[in-house]
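Below is one structure, written out as structure tokens; the observations come after it.
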Amino acid sequence: MADEFSDDFVAALVAATADREPVPGSSGIVGLGIGKKVRATVEIVDGRVVGPTEEESVTQFLFTGKQVEAWLAGEFNLSQAYMRGDFKPVGHTGPMTAALEIFDDPTVVSALT
């Protein structure tokens with residue numbers, strides 16, 4: 001699990017979202033991590049991850065190790081888990097919604113594995 005949220009993972013996320021239809025206004029800074037530690041911070045612009053950023057995240061997606069594995073296997077829908085209370089991102093709603101829309105896209109998830 002050491003590669004989750006590495007520079008290579010972020011590059012794969014950027015590549016996986018590059019050809020998506022733009023979603024104007026679906027933007028924000030999102031931290032990705034496991035446990036309590038953010039391992040990568042990405043910038044989302046108009047529904048696409050445009051790269052890593054040094055800016056402080058306003059929303060954080062902190063997974064358990066099992067959640068990351070299930071998500072990358074396509075077995076864990078983040079929006080559904082969030083609505084059930086099984087996944088608890090924290091922070092501002094706008095970036096959270098933008099990230100959920102991207103991270104629940106099966107095409108994006110399959111490109112990350």
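How things are named: the first chain in the structure tokens is A, the next is B, and so on; residues count from 1 in each chain; ligands count from 1 in the order shown.
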| Expected answer as a PyMOL selection string: helix (DSSP H, G or I) residues in chain A | chain A and resi 7-17+65-72+78-84+93-103+106-111
| request: Find the spatial neighbours of Val30 of chain A, counting only C-alpha atoms, within a cut-off of 12 Å - ignore same-chain residues fewer than 5 positions away - and output them as a PyMOL selection string. | output: chain A and resi 5+10+38-45+49-62+89-100+102-103
Residues just named, written with N, CA and C atoms as an mmCIF file, in the first residue's frame:
data_model
loop_
_atom_site.group_PDB
_atom_site.id
_atom_site.type_symbol
_atom_site.label_atom_id
_atom_site.label_comp_id
_atom_site.auth_asym_id
_atom_site.auth_seq_id
_atom_site.Cartn_x
_atom_site.Cartn_y
_atom_site.Cartn_z
ATOM 1 N N PHE A 5 -1.281 7.337 -3.172
ATOM 2 C CA PHE A 5 -1.129 8.772 -2.988
ATOM 3 C C PHE A 5 0.319 9.250 -3.140
ATOM 4 N N VAL A 10 -0.585 10.370 -8.135
ATOM 5 C CA VAL A 10 -1.145 11.672 -8.509
ATOM 6 C C VAL A 10 -1.017 11.880 -10.014
ATOM 7 N N VAL A 38 -2.256 13.141 5.722
ATOM 8 C CA VAL A 38 -2.426 13.483 4.309
ATOM 9 C C VAL A 38 -1.113 13.168 3.607
ATOM 10 N N ARG A 39 -1.193 12.380 2.550
ATOM 11 C CA ARG A 39 0.002 11.967 1.808
ATOM 12 C C ARG A 39 0.172 12.725 0.498
ATOM 13 N N ALA A 40 -0.935 13.266 -0.013
ATOM 14 C CA ALA A 40 -0.873 14.031 -1.266
ATOM 15 C C ALA A 40 -1.985 15.062 -1.249
ATOM 16 N N THR A 41 -1.716 16.198 -1.831
ATOM 17 C CA THR A 41 -2.724 17.237 -1.981
ATOM 18 C C THR A 41 -2.823 17.558 -3.457
ATOM 19 N N VAL A 42 -4.059 17.481 -3.983
ATOM 20 C CA VAL A 42 -4.275 17.694 -5.412
ATOM 21 C C VAL A 42 -5.194 18.875 -5.636
ATOM 22 N N GLU A 43 -5.045 19.467 -6.802
ATOM 23 C CA GLU A 43 -5.907 20.562 -7.196
ATOM 24 C C GLU A 43 -6.863 20.067 -8.270
ATOM 25 N N ILE A 44 -8.136 20.326 -8.057
ATOM 26 C CA ILE A 44 -9.176 19.987 -9.017
ATOM 27 C C ILE A 44 -9.661 21.288 -9.641
ATOM 28 N N VAL A 45 -9.697 21.316 -10.975
ATOM 29 C CA VAL A 45 -10.183 22.489 -11.702
ATOM 30 C C VAL A 45 -11.191 21.997 -12.745
ATOM 31 N N VAL A 49 -8.450 16.631 -12.213
ATOM 32 C CA VAL A 49 -7.294 16.807 -11.335
ATOM 33 C C VAL A 49 -6.176 17.342 -12.214
ATOM 34 N N VAL A 50 -5.671 18.527 -11.870
ATOM 35 C CA VAL A 50 -4.657 19.167 -12.713
ATOM 36 C C VAL A 50 -3.244 18.980 -12.183
ATOM 37 N N GLY A 51 -3.120 18.442 -10.988
ATOM 38 C CA GLY A 51 -1.788 18.159 -10.469
ATOM 39 C C GLY A 51 -1.723 18.258 -8.971
ATOM 40 N N PRO A 52 -0.537 17.960 -8.466
ATOM 41 C CA PRO A 52 -0.318 18.149 -7.030
ATOM 42 C C PRO A 52 -0.201 19.636 -6.739
ATOM 43 N N THR A 53 -0.385 19.998 -5.509
ATOM 44 C CA THR A 53 -0.241 21.389 -5.121
ATOM 45 C C THR A 53 0.344 21.465 -3.722
ATOM 46 N N GLU A 54 1.028 22.555 -3.464
ATOM 47 C CA GLU A 54 1.571 22.815 -2.134
ATOM 48 C C GLU A 54 0.575 23.598 -1.279
ATOM 49 N N GLU A 55 -0.543 24.009 -1.903
ATOM 50 C CA GLU A 55 -1.562 24.733 -1.142
ATOM 51 C C GLU A 55 -2.161 23.820 -0.081
ATOM 52 N N GLU A 56 -2.640 24.421 0.979
ATOM 53 C CA GLU A 56 -3.269 23.648 2.047
ATOM 54 C C GLU A 56 -4.645 23.176 1.590
ATOM 55 N N SER A 57 -4.946 21.922 1.849
ATOM 56 C CA SER A 57 -6.242 21.380 1.437
ATOM 57 C C SER A 57 -7.355 21.967 2.297
ATOM 58 N N VAL A 58 -8.491 22.221 1.648
ATOM 59 C CA VAL A 58 -9.669 22.687 2.378
ATOM 60 C C VAL A 58 -10.624 21.529 2.625
ATOM 61 N N THR A 59 -10.336 20.395 1.993
ATOM 62 C CA THR A 59 -11.106 19.169 2.168
ATOM 63 C C THR A 59 -10.123 18.013 2.225
ATOM 64 N N GLN A 60 -10.391 17.055 3.082
ATOM 65 C CA GLN A 60 -9.499 15.903 3.198
ATOM 66 C C GLN A 60 -10.287 14.608 3.093
ATOM 67 N N PHE A 61 -9.746 13.698 2.299
ATOM 68 C CA PHE A 61 -10.271 12.352 2.173
ATOM 69 C C PHE A 61 -9.276 11.438 2.874
ATOM 70 N N LEU A 62 -9.599 11.061 4.101
ATOM 71 C CA LEU A 62 -8.716 10.210 4.889
ATOM 72 C C LEU A 62 -9.321 8.808 4.953
ATOM 73 N N PRO A 89 -15.164 12.150 4.719
ATOM 74 C CA PRO A 89 -14.287 13.257 4.338
ATOM 75 C C PRO A 89 -14.646 14.482 5.172
ATOM 76 N N VAL A 90 -13.669 15.337 5.371
ATOM 77 C CA VAL A 90 -13.908 16.539 6.174
ATOM 78 C C VAL A 90 -13.521 17.770 5.372
ATOM 79 N N GLY A 91 -14.200 18.867 5.654
ATOM 80 C CA GLY A 91 -13.842 20.125 5.024
ATOM 81 C C GLY A 91 -14.995 20.736 4.264
ATOM 82 N N HIS A 92 -14.641 21.547 3.294
ATOM 83 C CA HIS A 92 -15.622 22.304 2.530
ATOM 84 C C HIS A 92 -16.379 21.407 1.550
ATOM 85 N N THR A 93 -17.661 21.676 1.410
ATOM 86 C CA THR A 93 -18.536 20.849 0.591
ATOM 87 C C THR A 93 -18.227 20.937 -0.905
ATOM 88 N N GLY A 94 -17.907 22.107 -1.428
ATOM 89 C CA GLY A 94 -17.652 22.256 -2.864
ATOM 90 C C GLY A 94 -16.535 21.347 -3.362
ATOM 91 N N PRO A 95 -15.340 21.438 -2.770
ATOM 92 C CA PRO A 95 -14.266 20.543 -3.194
ATOM 93 C C PRO A 95 -14.584 19.072 -2.918
ATOM 94 N N MET A 96 -15.314 18.804 -1.844
ATOM 95 C CA MET A 96 -15.692 17.425 -1.526
ATOM 96 C C MET A 96 -16.567 16.852 -2.643
ATOM 97 N N THR A 97 -17.544 17.631 -3.073
ATOM 98 C CA THR A 97 -18.433 17.192 -4.146
ATOM 99 C C THR A 97 -17.659 16.994 -5.447
ATOM 100 N N ALA A 98 -16.749 17.908 -5.742
ATOM 101 C CA ALA A 98 -15.930 17.779 -6.952
ATOM 102 C C ALA A 98 -15.105 16.495 -6.911
ATOM 103 N N ALA A 99 -14.502 16.217 -5.766
ATOM 104 C CA ALA A 99 -13.665 15.026 -5.630
ATOM 105 C C ALA A 99 -14.507 13.756 -5.688
ATOM 106 N N LEU A 100 -15.650 13.739 -5.030
ATOM 107 C CA LEU A 100 -16.503 12.556 -5.063
ATOM 108 C C LEU A 100 -16.914 12.226 -6.490
ATOM 109 N N ILE A 102 -15.331 12.822 -9.240
ATOM 110 C CA ILE A 102 -14.172 12.258 -9.950
ATOM 111 C C ILE A 102 -13.842 10.872 -9.423
ATOM 112 N N PHE A 103 -13.747 10.738 -8.117
ATOM 113 C CA PHE A 103 -13.270 9.499 -7.514
ATOM 114 C C PHE A 103 -14.277 8.357 -7.601
#
| request: Extract, using only C-alpha atoms, all DNA, RNA and protein residues at most 8 Å from Ala73 of chain A, discarding same-chain residues fewer than 6 positions from it, and format them as an NGL selection string. | output: :A and (109-110 or 113)
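Nearest residue to Asp105 of chain A, choosing from A:Leu32, A:Leu78, A:Ala70, A:Ala15 and counting only C-alpha atoms: A:Leu78.
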| request: Can you pull out every residue within 10 Å of Ala18 of chain A, counting only C-alpha atoms, but drop anything in the same chain fewer than 2 positions away, and send it as an NGL selection string? | output: :A and (12-16 or 20-22 or 47-50 or 108)
